[in-house]
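Following: one structure in C-alpha cells, then a few remarks.
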Amino acid sequence: SLVALLTAVLHVRSLNMSYARLSLRGRQVYLHKLFVHNQSFHSSSPWKGRVNPLEDASKLVIGSNLHGYTVKNVTPVPDFSLTAVQLVHDKTGAQHLHLARKDTNNAFSVGFRTTPMDSTGVAHILEHTTLCGSQKYPVRDPFFKMLTRSLSTFMNAFTASDWTMYPFSSKNEKDFRNLLSVYLDCVFFPQLREIDFKQEAWRLEHEDPSNRSSPIVFKGVVYNEMKGHFANSQSIYAQALQNRLFPSHTYSHVSGGWPPDILNLTYEKLKNFHVQHYHPSNAKFFTYGDLSLADHLQQISEHVLNHFDRSTLSLSVPLETKWTEPRGYHIHCPPDPMAPDPAKQTTTSVSFILPPITDPYESLVFGILGQLLVGGPASPFYETLIDADIGSDFSPATGVDNTTKEASFTVGLQGIKEEDVEKVRSIVWSTFEKVASEGFPEDRIRAVLHQIELGLKHESTNFGLHLISSLITPWIHDADPVTMMEINKNVERFKVDMKKPNFLKEKIHQYFLDNKHHLMLTMTPNEQYEADLLNAEKQRLDQMVSSLNEKEKEELYEQGLALQADQNKTENKDCLPTLRVSDVDKYIKFTHIDEQQAGGVPILCLQQPTNGISYFRAITGITSLPLDLRICVPLFCSVITRMGAGDLDHRQFAQECDLYTGGLHVSPHACSHHTSPLSYEHGVLFTSHCLERHLPHMLSLWEDVFTEPNLSDLERLRVLVNMAASNLATSISNSGHSFAISAAASGLSPSAALSELFGGLAQAEFLKSVAEKKDLQETMQAIANVAATVLDSGDLRCAVNTTPEAADSTLEAIGGFVSTLPGTRTDSSSHTEDAEFKPTGSNTFYQMPFPINYVARAYRTVPYTHKDSARLMVLAKLMSSKFLHREIREKGGAYGSGARQGQSIFTFHSYRDPNSFDTLNRFQDALEWASKGSFSDRDVEETKLAVFSQVDAPVSPGAKGASYFLTGVTDEMRQKLREQLFGVKKQDMEAMVNRYFTEAAPKGSVIIGPSTGTSLPSGWTVKNVDMGNQ
C-alpha cells in the first residue's frame, strides 16, 4: 500500500520483530534489513545492451494475448521510472504484474492469500516444507542447495498474517531462469514428505535418536523458531494486539504458529492447506527488471499454469464487524532482566481500526497523519508521552500498521509503572482532542511531504523486491497495485484537500475520537511466565509419551533413525540447475574517486547518478579519548543530534532535520586494518543525505551539532538514556547470535574488543547501569568530555556522493562547512596499532531467561589482504552450506547457523537453537570434517559461487565508495581478492583448518541462553542475566 511504499520515506516507527512471519508492520523493517546488501538503482542502474524494457512493454496492446495471458493494462508509472503491465491468465485466472524498468537486478515473486484459521503455524510450516524438494527437483532442501549454485542477489520466503510470498532476484539471466524453474516447481509441485514435515514442524523423538534410552523430547525447526520469537515481550505484545483488535477471522490467530498450538498440526492438515491455498487462481505473480516479459510468461505457463484449471474457492478476508463499544485486555509476559527499574515493566496502548488499505488515497492520508502524530520529537504524542518521561519508549507497533486488510493505528508506552496505565490512556485521549482542536503546524505538514519527495528520489535497496513487499498486502486483497504506486498523484490531491480548513481535524475525529472500534491493551510481567510455559510443555510431553504403547514407542524410535538416515544420505544434486565459476566476471568494475581537500580536510568526491540527492559521510577519530570514556561513545552518538543544537531545542532541531534532510545519523566506528590485524581505526561516523538544493541547510545543521551542541538538558538526556537502554536490551532476544559472536571475538583482536564495548553485551550492561542512576549529571559531563574530543575536527575526513552537475557546488559547500569547525588539522594516521595486544580465549555462559540458545565460537585469523583471506571465506561458506546447515538446523532443530570470515576473525554461530554445548561440538566437528577433506572439488566450486554472490552484491550510487571510505579497502585490493577466490582449491580448505584452528589456537566461546540445570564444563564462566559474575 502507499503506507508501505512510504515506510522508508516517512521513517514511520516500526518494530523489528526479527522473524519473517510478522503479523505487524515490523515486517517492513525486517525486509529492509534483509535487502541491505542487495542494492538496486532507482533511475539509473548500470543498464545497457538489452532491449529497452520500457519501450518493449509500451508496445503491448491492451486485450492482446501472450502465452495464454490477456493484457489488461499497460501503465507508465513516472514516480518510479517504470512501465507496469497487468495480465490475467485465461485458463486459471492467475494475475501477473510486470514492472518493466532499466534495472539489471531482475526480481520475481509468487504470492498467495493464506488465511489460517488456527495458530498451528500451518502457513508458516508449509512455507518451510515446500522448499524441501519437488517433483522435478526431488532432493532434500533444493532451496538451500541453490544458494551455492547461484549468483542471486536475494533468495528467501515469507509468511505474513494473510499471505505467503516466495521472492528472489538476480543480475544474471541464466541464473534468473534457473531460480524461476526451482521456485515454481517447489511451490506448485512440492513433495511434501511426512519426514520433512516432522523435521520442519514438530516431532516426538529421542534426545539422541540413536539411543532409545535417551529421553523423548519435542523437536522441530519452526517449533524452536517460534519459541525464540516469543521469548521477546514486544513480540508477545504485538501479536496479542493484532489478535484482539481483529478477533473474527484469520487475524485472530498466530500465522507463524504459537508453540503449544504447533503441536496440534498434523501432516494431513498441512497437505490440505497446500491444495486449497497454493493454486494459480489464488496466486499473484510478479516480475521486475529489464528481462523479457514474454520469456517470463512462457516459462510460467508451460511449467505451471497449463497443468491447472480455474478454482472457484474463495479465500477472501471479510471486513471486521465494528464494535459498538471499545474493549480492553490484560496479558502477561516474562520479566525483563535488563530493566533498569523492575517496577517499570508495564506496557499499555490504545489501538484503532482504520479504513481498508485497498484505497490508495485514504492510505496516503492515514499514513501522513500517523507520521504527524508520532513521527519524531516534533510530534504531539512524542511531546506528551515520551518527553513526559513516564515510560522508556513508545509501545510496540506504535504508528500505522498496514499489514492487514484494514489498517490500524496504535499509540502507547512501554516501560511504565502499572499504576500509570490510566494516566497514559488519559494523555492519549487529551492529545487527540488537542490536535482535533488546534490541528498541526504548517511546517510539520511540509516536513512530512518533504520526506515523501526525498524518499521517492532516494536510491533504495533491491528496488524490485522492495516494491513487491510493499504492494503484496493490498494486491492480495484485490487492490489495483498500479494505483498504489501513483504517489505523486495522491500527494497533489492531498495538497488540494489541505486547503480545506478542517480536513485533518475531521480525520482525527473519523479515525480516532469517533471510532468505537478501539482496543486498550495492557501487558504486565509475571514472574512465573516462563515457568508456566515450561510446565505446560512438560505436561503435554508427558501426556503424549505416556499414551504411547510399546509398539508406538518402537515406531517412534525407528522414525527417528529414518529421519537421521535421510539427513545423512549423500544425494545426487545433478537434477538442480547451476551456474559455473566460469560464469562469474573475472574483473570488478572500478569506481572513480576524486580525492580533494578543503581547509586541510580530506574529501572523497564520487560523481554518481544519485537522482538529485547528496550523500554525506564524515569520520572523526577518538585516538586521544581517555580509555575510561570509550564506553560512553555509543551513548554520545545516540544523543548528540537529539538534544538540540545552536538556538534550537530538540523539537525544533528535529523539525529542521525533517524539513531539509533524511535525518542526521551518528554511530560508533570500529574497523580492523585491511593489512595489519593489530591495527584498527576507531572513531565516530556521521552520515546524512538531502536533496541537492538543501545541502547548505543540511551542512548548517551539522555545523550547529559540531560547534554548539546542547549538552545541558538533563531531563531530555534521561528520556534518551531510557530509550537507548530499552532498545539495546530488547535486541538481545531478537539478535542474540550477533551478541554471542561479538562477545566470543572480543578477546581476539583490538578492533573486536572495541566492537564489543561499543555494541555488545558490555554496552548493554553499561546502559542499564546508566539508566539506573538517579542523577545523570556525571553522565552528562562524560558525554561532554567525549564531545570535546569527537567534535574537534583535527582528523576529520569526509566523503560525498552527488551528481556531476552538482559536484563543484557540493565541494564548495563542504569546504565552507569544514572551515567553520574548531580544531587544528593534523596529518597523523587515524589508525592505532596495539603491538602489545595478545589474543586470549575465554568460555562464557550468559544465563538469560530465553527458551532457546544463541551459540558462538571465534578464532583469530588474518586481515583482508592476506593471501589466506579468500581461502578462509570459502571455508566459512563451505562449512555453513555443506555441514552446519545439516547438523545444526536439520538435525539439531536450530532456526539458523553459519560461519563467517572477516575483520581478521573467523566465527561460528547458531540462532534460536535448542542446544548449547552440543552445538559447540558440531562447530568442532565441522573443522574435523573440513580437515579430512570430506567434500568434493565440486562442493568447493559451488561454494565459490556463493562467495562471489556475496562480494558482488550490487551497490547503489549513494553508497558507491563507502566501503573504501570506511575500511580503506581499494578496488585494487578487491580485484586481488577476486583473483585469489578464483584460485581456491579443495586442498586449501584442509590446509586452513590445520593452520588456524589447532587446539592451541586462542578461541572464544559464548552461549546466551537458559540455565542448563547442571554444572558446566571446567574453564567456563557463568554470568547471570544482569551481567554480574556468579
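Identifiers in this document derive from the order of the C-alpha cells: chains are assigned A, B, ..., residues are numbered from 1 separately in each chain, and ligands are numbered from 1 in order of occurrence.
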
- Message: Would you pick out the contacts of A:Thr130 at 7 Å or less, using only C-alpha atoms, so that residues sharing its chain but fewer than 2 positions from it are not included, and give the list as a list in words?
- Response: Leu126, Glu127, His128, Cys132, Gly133, Cys186, Val187, Pro190 and Leu192 of chain A

Store the residues picked out above in a file with N, CA, C and O atoms, as a PDB file, in the first residue's frame.
ATOM      1  N   LEU A 126       4.165 -24.677   6.059  1.00  0.00           N
ATOM      2  CA  LEU A 126       4.061 -25.017   4.641  1.00  0.00           C
ATOM      3  C   LEU A 126       5.119 -24.267   3.846  1.00  0.00           C
ATOM      4  O   LEU A 126       5.724 -24.819   2.913  1.00  0.00           O
ATOM      5  N   GLU A 127       5.372 -23.016   4.202  1.00  0.00           N
ATOM      6  CA  GLU A 127       6.427 -22.254   3.528  1.00  0.00           C
ATOM      7  C   GLU A 127       7.775 -22.976   3.656  1.00  0.00           C
ATOM      8  O   GLU A 127       8.555 -23.029   2.700  1.00  0.00           O
ATOM      9  N   HIS A 128       8.048 -23.545   4.815  1.00  0.00           N
ATOM     10  CA  HIS A 128       9.292 -24.291   5.022  1.00  0.00           C
ATOM     11  C   HIS A 128       9.311 -25.585   4.204  1.00  0.00           C
ATOM     12  O   HIS A 128      10.298 -25.895   3.545  1.00  0.00           O
ATOM     13  N   CYS A 132      11.466 -28.130   0.532  1.00  0.00           N
ATOM     14  CA  CYS A 132      12.223 -29.337   0.898  1.00  0.00           C
ATOM     15  C   CYS A 132      12.205 -30.389  -0.203  1.00  0.00           C
ATOM     16  O   CYS A 132      12.386 -31.577   0.081  1.00  0.00           O
ATOM     17  N   GLY A 133      12.002 -29.980  -1.432  1.00  0.00           N
ATOM     18  CA  GLY A 133      12.023 -30.942  -2.524  1.00  0.00           C
ATOM     19  C   GLY A 133      10.741 -30.913  -3.332  1.00  0.00           C
ATOM     20  O   GLY A 133       9.662 -30.642  -2.800  1.00  0.00           O
ATOM     21  N   CYS A 186       8.994 -26.056  -6.741  1.00  0.00           N
ATOM     22  CA  CYS A 186       8.871 -26.264  -5.297  1.00  0.00           C
ATOM     23  C   CYS A 186       7.537 -25.760  -4.764  1.00  0.00           C
ATOM     24  O   CYS A 186       6.927 -26.390  -3.893  1.00  0.00           O
ATOM     25  N   VAL A 187       7.076 -24.640  -5.264  1.00  0.00           N
ATOM     26  CA  VAL A 187       5.854 -24.034  -4.745  1.00  0.00           C
ATOM     27  C   VAL A 187       4.615 -24.780  -5.211  1.00  0.00           C
ATOM     28  O   VAL A 187       3.705 -25.072  -4.415  1.00  0.00           O
ATOM     29  N   PRO A 190       5.364 -29.482  -4.797  1.00  0.00           N
ATOM     30  CA  PRO A 190       6.285 -29.951  -3.760  1.00  0.00           C
ATOM     31  C   PRO A 190       6.051 -31.428  -3.446  1.00  0.00           C
ATOM     32  O   PRO A 190       4.955 -31.954  -3.638  1.00  0.00           O
ATOM     33  N   LEU A 192       6.267 -32.557  -0.326  1.00  0.00           N
ATOM     34  CA  LEU A 192       5.572 -32.529   0.965  1.00  0.00           C
ATOM     35  C   LEU A 192       5.644 -33.894   1.648  1.00  0.00           C
ATOM     36  O   LEU A 192       4.627 -34.490   2.027  1.00  0.00           O
TER      37      LEU A 192
END

Pick out the residues sitting within 8 Å of A:Gln608, and hand them over as a ChimeraX atom specification; count only C-alpha atoms, and ignore anything fewer than 3 positions along from it in its own chain.
-> /A:801-804,957-958,960

Expected file contents, prior selection, N, CA and C atoms, as a CSV table (one decimal), in the first residue's frame:
chain,number,residue,atom,x,y,z
A,801,ASN,N,28.7,11.8,-2.2
A,801,ASN,CA,28.3,11.3,-3.5
A,801,ASN,C,27.2,12.2,-4.0
A,802,THR,N,27.4,12.7,-5.2
A,802,THR,CA,26.5,13.6,-5.8
A,802,THR,C,26.5,13.6,-7.3
A,803,THR,N,25.6,14.2,-7.9
A,803,THR,CA,25.6,14.2,-9.4
A,803,THR,C,26.7,15.0,-10.0
A,804,PRO,N,27.2,14.7,-11.2
A,804,PRO,CA,28.2,15.5,-11.8
A,804,PRO,C,27.9,17.0,-11.9
A,957,PRO,N,24.2,4.0,-6.2
A,957,PRO,CA,25.0,5.2,-6.4
A,957,PRO,C,25.3,6.0,-5.1
A,958,GLY,N,24.4,6.0,-4.2
A,958,GLY,CA,24.6,6.8,-3.0
A,958,GLY,C,25.6,6.1,-2.1
A,960,LYS,N,28.2,4.1,-3.3
A,960,LYS,CA,29.5,3.8,-4.0
A,960,LYS,C,30.6,4.5,-3.3

Per-residue DSSP, stretch 578-705 of chain A, filtered to strand (DSSP E or B), as a VMD selection string | chain A and resid 594 to 598 601 to 607 613 to 621 645 648 665 to 672 679 to 691

Restricting to only C-alpha atoms, whichever of A:Ala813, A:Leu791, A:Ala744, A:Leu945 is closest to A:Phe982 is A:Leu945

| field | Non-local contacts of A:Ser314 (10 Å; only C-alpha atoms; under 6 positions in same chain excluded) as a list in words | value |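 The neighbour list is Gln276, His277, Ser281 and Asn282 of chain A.
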
With N, CA and C atoms kept, could you save the residues just selected as a short mmCIF file (atom, residue, chain, number, x, y, z; two decimals), in the first residue's frame?
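The resulting result-v8.cif:
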data_model
loop_
_atom_site.label_atom_id
_atom_site.label_comp_id
_atom_site.auth_asym_id
_atom_site.auth_seq_id
_atom_site.Cartn_x
_atom_site.Cartn_y
_atom_site.Cartn_z
N GLN A 276 -5.60 -26.19 -1.01
CA GLN A 276 -6.57 -25.10 -1.00
C GLN A 276 -5.96 -23.75 -1.38
N HIS A 277 -4.74 -23.48 -0.88
CA HIS A 277 -4.20 -22.12 -0.99
C HIS A 277 -3.16 -21.93 -2.09
N SER A 281 -5.13 -19.93 -9.28
CA SER A 281 -6.26 -18.99 -9.20
C SER A 281 -6.16 -18.10 -7.96
N ASN A 282 -5.35 -18.51 -6.99
CA ASN A 282 -5.15 -17.74 -5.77
C ASN A 282 -3.76 -17.09 -5.74
#

Students should find that atom CA of A:Glu194 and atom CA of A:Lys573 are spaced 21.1 Å

All alpha helix (DSSP H) positions in stretch 121-173 of chain A, as a VMD selection string = chain A and resid 122 to 130 142 to 146 173

request  = Within 12 Å of A:Val947, counting only C-alpha atoms, which residues show up once you throw out same-chain ones fewer than 3 positions away? Write them as a PyMOL selection string, please.
outcome  = chain A and resi 147-153+581+584+870-878+880-881+900-901+940-944+950-953+977-978+980-982+984

Could you take the residues named above and write them with N, CA, C and O atoms, as a compact mmCIF listing (two decimals), in the first residue's frame?
# COMPACT_ATOMS: atom_id res chain seq x y z
N LEU A 147 21.58 -21.91 -3.02
CA LEU A 147 22.38 -20.79 -2.54
C LEU A 147 23.83 -20.90 -2.99
O LEU A 147 24.53 -19.90 -3.10
N THR A 148 24.30 -22.14 -3.21
CA THR A 148 25.68 -22.33 -3.66
C THR A 148 25.75 -22.70 -5.14
O THR A 148 26.81 -23.10 -5.63
N ARG A 149 24.64 -22.55 -5.85
CA ARG A 149 24.62 -22.86 -7.29
C ARG A 149 24.13 -21.64 -8.08
O ARG A 149 23.74 -21.76 -9.23
N SER A 150 24.16 -20.48 -7.41
CA SER A 150 23.52 -19.30 -7.96
C SER A 150 24.34 -18.05 -7.64
O SER A 150 25.16 -18.03 -6.71
N LEU A 151 24.08 -16.99 -8.41
CA LEU A 151 24.63 -15.66 -8.12
C LEU A 151 23.51 -14.72 -7.70
O LEU A 151 23.54 -13.52 -7.96
N SER A 152 22.49 -15.26 -7.05
CA SER A 152 21.33 -14.46 -6.67
C SER A 152 21.73 -13.29 -5.80
O SER A 152 22.67 -13.38 -5.00
N THR A 153 21.01 -12.19 -5.95
CA THR A 153 21.20 -11.06 -5.06
C THR A 153 20.22 -11.10 -3.90
O THR A 153 20.33 -10.34 -2.95
N VAL A 581 31.61 -21.37 -12.03
CA VAL A 581 32.51 -20.27 -11.72
C VAL A 581 32.93 -19.54 -12.99
O VAL A 581 33.19 -18.33 -12.98
N VAL A 584 31.20 -16.29 -13.81
CA VAL A 584 31.47 -15.10 -12.99
C VAL A 584 32.44 -14.18 -13.71
O VAL A 584 33.43 -14.63 -14.30
N ALA A 870 40.89 -15.11 1.23
CA ALA A 870 39.94 -15.69 0.28
C ALA A 870 39.67 -17.15 0.62
O ALA A 870 38.52 -17.63 0.55
N ARG A 871 40.69 -17.90 0.99
CA ARG A 871 40.52 -19.31 1.31
C ARG A 871 39.62 -19.48 2.54
O ARG A 871 38.77 -20.37 2.60
N LEU A 872 39.82 -18.62 3.54
CA LEU A 872 39.01 -18.69 4.74
C LEU A 872 37.55 -18.29 4.47
O LEU A 872 36.63 -18.85 5.09
N MET A 873 37.35 -17.36 3.57
CA MET A 873 35.98 -17.00 3.19
C MET A 873 35.27 -18.19 2.56
O MET A 873 34.10 -18.48 2.85
N VAL A 874 35.97 -18.91 1.69
CA VAL A 874 35.38 -20.09 1.06
C VAL A 874 35.16 -21.19 2.10
O VAL A 874 34.12 -21.86 2.10
N LEU A 875 36.12 -21.37 3.00
CA LEU A 875 35.97 -22.38 4.05
C LEU A 875 34.73 -22.10 4.90
O LEU A 875 33.96 -23.02 5.23
N ALA A 876 34.53 -20.83 5.26
CA ALA A 876 33.36 -20.48 6.07
C ALA A 876 32.07 -20.82 5.35
O ALA A 876 31.15 -21.42 5.93
N LYS A 877 31.97 -20.45 4.09
CA LYS A 877 30.76 -20.72 3.33
C LYS A 877 30.59 -22.22 3.08
O LYS A 877 29.47 -22.75 3.09
N LEU A 878 31.71 -22.93 2.87
CA LEU A 878 31.66 -24.37 2.65
C LEU A 878 31.09 -25.08 3.88
O LEU A 878 30.18 -25.92 3.77
N SER A 880 29.33 -23.77 6.27
CA SER A 880 27.96 -23.31 6.52
C SER A 880 26.96 -24.11 5.70
O SER A 880 25.95 -24.61 6.22
N SER A 881 27.23 -24.24 4.39
CA SER A 881 26.24 -24.82 3.48
C SER A 881 26.31 -26.34 3.40
O SER A 881 25.29 -27.00 3.21
N ARG A 900 31.66 -17.51 9.35
CA ARG A 900 31.95 -16.25 8.66
C ARG A 900 33.40 -15.86 8.90
O ARG A 900 33.93 -16.04 9.99
N GLN A 901 34.04 -15.31 7.86
CA GLN A 901 35.39 -14.77 7.97
C GLN A 901 35.36 -13.28 7.66
O GLN A 901 34.81 -12.86 6.65
N VAL A 940 33.49 -27.31 -3.52
CA VAL A 940 34.29 -26.08 -3.40
C VAL A 940 33.92 -25.10 -4.50
O VAL A 940 33.77 -23.90 -4.25
N GLU A 941 33.75 -25.59 -5.72
CA GLU A 941 33.38 -24.71 -6.82
C GLU A 941 32.01 -24.07 -6.57
O GLU A 941 31.80 -22.89 -6.82
N GLU A 942 31.06 -24.87 -6.09
CA GLU A 942 29.73 -24.32 -5.78
C GLU A 942 29.82 -23.26 -4.68
O GLU A 942 29.17 -22.21 -4.75
N THR A 943 30.64 -23.56 -3.68
CA THR A 943 30.79 -22.61 -2.57
C THR A 943 31.38 -21.30 -3.06
O THR A 943 30.99 -20.21 -2.60
N LYS A 944 32.31 -21.36 -3.98
CA LYS A 944 32.90 -20.13 -4.52
C LYS A 944 31.84 -19.27 -5.19
O LYS A 944 31.88 -18.03 -5.11
N GLN A 950 28.12 -12.99 -2.71
CA GLN A 950 28.22 -12.10 -1.55
C GLN A 950 29.10 -10.89 -1.83
O GLN A 950 28.73 -9.75 -1.53
N VAL A 951 30.28 -11.10 -2.41
CA VAL A 951 31.20 -9.98 -2.62
C VAL A 951 30.76 -9.09 -3.78
O VAL A 951 31.20 -7.94 -3.88
N ASP A 952 29.89 -9.62 -4.66
CA ASP A 952 29.43 -8.84 -5.81
C ASP A 952 28.05 -8.23 -5.59
O ASP A 952 27.39 -7.82 -6.55
N ALA A 953 27.58 -8.19 -4.36
CA ALA A 953 26.28 -7.58 -4.09
C ALA A 953 26.24 -6.17 -4.68
O ALA A 953 27.16 -5.38 -4.46
N LEU A 977 41.67 -9.88 -4.23
CA LEU A 977 40.90 -10.89 -3.52
C LEU A 977 40.11 -11.76 -4.50
O LEU A 977 40.03 -12.98 -4.35
N ARG A 978 39.54 -11.12 -5.51
CA ARG A 978 38.76 -11.83 -6.51
C ARG A 978 39.63 -12.88 -7.22
O ARG A 978 39.21 -14.03 -7.41
N GLN A 980 42.25 -14.27 -6.09
CA GLN A 980 42.56 -15.34 -5.13
C GLN A 980 41.37 -16.27 -4.95
O GLN A 980 41.54 -17.49 -4.79
N LEU A 981 40.16 -15.73 -4.97
CA LEU A 981 38.97 -16.57 -4.87
C LEU A 981 38.88 -17.55 -6.03
O LEU A 981 38.55 -18.74 -5.84
N PHE A 982 39.15 -17.08 -7.23
CA PHE A 982 39.12 -17.96 -8.39
C PHE A 982 40.10 -19.13 -8.21
O PHE A 982 39.86 -20.24 -8.69
N VAL A 984 41.08 -20.68 -5.37
CA VAL A 984 40.94 -21.54 -4.20
C VAL A 984 40.66 -22.99 -4.63
O VAL A 984 39.83 -23.24 -5.52

Pairwise distance, atom CA of A:Met523 with atom CA of A:Thr398, equals 14.8 Å

Long-range neighbours of A:Ser58 as a list in words, 10 Å cut-off, only C-alpha atoms, 3 positions minimum in chain: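 In the requested format, the answer is Pro53, Leu54, Glu55, Val61, Val74, Thr75, Pro76, Thr83, Ala84, Val85 and Ala100 of chain A.
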
* Asked: Counting only C-alpha atoms, what is within 9 Å of A:Gly370, bar same-chain residues fewer than 5 positions away, as a list of chain:residue names?
  ->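 Within the cut-off, the hits are A:Val12, A:Val365, A:Gly375, A:Gly399, A:Val400, A:Phe409.
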
How would the residues just chosen look if you wrote them out with N, CA, C and O atoms as a PDB file, in the first residue's frame?
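Result saved to result.pdb:
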ATOM      1  N   VAL A  12       8.452   6.067   9.463  1.00  0.00           N
ATOM      2  CA  VAL A  12       7.470   5.751  10.495  1.00  0.00           C
ATOM      3  C   VAL A  12       8.079   4.743  11.449  1.00  0.00           C
ATOM      4  O   VAL A  12       8.734   3.802  11.024  1.00  0.00           O
ATOM      5  N   VAL A 365      -3.457   9.283   3.246  1.00  0.00           N
ATOM      6  CA  VAL A 365      -3.899  10.241   4.270  1.00  0.00           C
ATOM      7  C   VAL A 365      -3.597   9.706   5.661  1.00  0.00           C
ATOM      8  O   VAL A 365      -2.999  10.406   6.491  1.00  0.00           O
ATOM      9  N   GLY A 375       5.605  10.738  14.643  1.00  0.00           N
ATOM     10  CA  GLY A 375       6.889  10.707  13.959  1.00  0.00           C
ATOM     11  C   GLY A 375       7.901  11.697  14.477  1.00  0.00           C
ATOM     12  O   GLY A 375       8.016  12.827  13.989  1.00  0.00           O
ATOM     13  N   GLY A 399       2.151   3.600  15.735  1.00  0.00           N
ATOM     14  CA  GLY A 399       2.077   4.137  14.386  1.00  0.00           C
ATOM     15  C   GLY A 399       1.056   3.394  13.555  1.00  0.00           C
ATOM     16  O   GLY A 399       0.206   2.668  14.076  1.00  0.00           O
ATOM     17  N   VAL A 400       1.116   3.574  12.253  1.00  0.00           N
ATOM     18  CA  VAL A 400       0.183   2.928  11.336  1.00  0.00           C
ATOM     19  C   VAL A 400       0.692   1.533  10.980  1.00  0.00           C
ATOM     20  O   VAL A 400       1.845   1.356  10.614  1.00  0.00           O
ATOM     21  N   PHE A 409      -4.036   1.834  13.802  1.00  0.00           N
ATOM     22  CA  PHE A 409      -3.119   2.812  14.387  1.00  0.00           C
ATOM     23  C   PHE A 409      -3.023   2.527  15.876  1.00  0.00           C
ATOM     24  O   PHE A 409      -4.033   2.312  16.549  1.00  0.00           O
TER      25      PHE A 409
END

Taken to one decimal, the atom CA of A:Lys768-atom CA of A:Ile631 distance is 12.7 Å

Using only C-alpha atoms, which of A:Thr591, A:Ser667, A:Thr159, A:Thr250 sits nearest A:Glu972?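 Distance minimum relative to A:Glu972 lands on A:Thr591.
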
Item to complete: Mind checking which residues fall within 12 Å of A:Asn994, counting only C-alpha atoms, ignoring those fewer than 6 positions away in the same chain, and posting them as a ChimeraX atom specification?
Response: /A:872,927-933,987-988,1000-1001

Once you have the residues from the selection above, write them out as a compact mmCIF listing (two decimals), in the first residue's frame, restricted to N, CA, C and O atoms.
# COMPACT_ATOMS: atom_id res chain seq x y z
N LEU A 872 39.82 -18.62 3.54
CA LEU A 872 39.01 -18.69 4.74
C LEU A 872 37.55 -18.29 4.47
O LEU A 872 36.63 -18.85 5.09
N LEU A 927 35.09 -28.52 11.67
CA LEU A 927 36.52 -28.37 11.38
C LEU A 927 37.16 -29.72 11.06
O LEU A 927 37.99 -29.82 10.15
N GLU A 928 36.78 -30.75 11.79
CA GLU A 928 37.32 -32.08 11.51
C GLU A 928 36.87 -32.56 10.14
O GLU A 928 37.64 -33.17 9.39
N TRP A 929 35.60 -32.31 9.82
CA TRP A 929 35.06 -32.66 8.50
C TRP A 929 35.86 -31.99 7.40
O TRP A 929 36.23 -32.62 6.39
N ALA A 930 36.17 -30.70 7.59
CA ALA A 930 36.93 -29.97 6.58
C ALA A 930 38.37 -30.44 6.52
O ALA A 930 38.96 -30.57 5.43
N SER A 931 38.97 -30.75 7.68
CA SER A 931 40.38 -31.15 7.70
C SER A 931 40.59 -32.50 7.01
O SER A 931 41.67 -32.78 6.48
N LYS A 932 39.55 -33.34 7.01
CA LYS A 932 39.65 -34.65 6.38
C LYS A 932 39.30 -34.61 4.89
O LYS A 932 39.35 -35.65 4.21
N GLY A 933 38.89 -33.43 4.41
CA GLY A 933 38.52 -33.32 3.01
C GLY A 933 37.27 -34.11 2.67
O GLY A 933 37.17 -34.68 1.57
N GLN A 987 42.28 -28.62 -1.58
CA GLN A 987 43.35 -28.84 -0.61
C GLN A 987 43.59 -27.61 0.27
O GLN A 987 44.12 -27.73 1.38
N ASP A 988 43.20 -26.44 -0.21
CA ASP A 988 43.35 -25.22 0.59
C ASP A 988 42.48 -25.28 1.84
O ASP A 988 42.85 -24.74 2.89
N ALA A 1000 45.64 -25.46 20.11
CA ALA A 1000 46.33 -24.41 20.86
C ALA A 1000 45.92 -23.00 20.43
O ALA A 1000 46.26 -22.03 21.10
N ALA A 1001 45.21 -22.88 19.35
CA ALA A 1001 44.83 -21.55 18.85
C ALA A 1001 43.87 -20.88 19.83
O ALA A 1001 42.90 -21.50 20.28
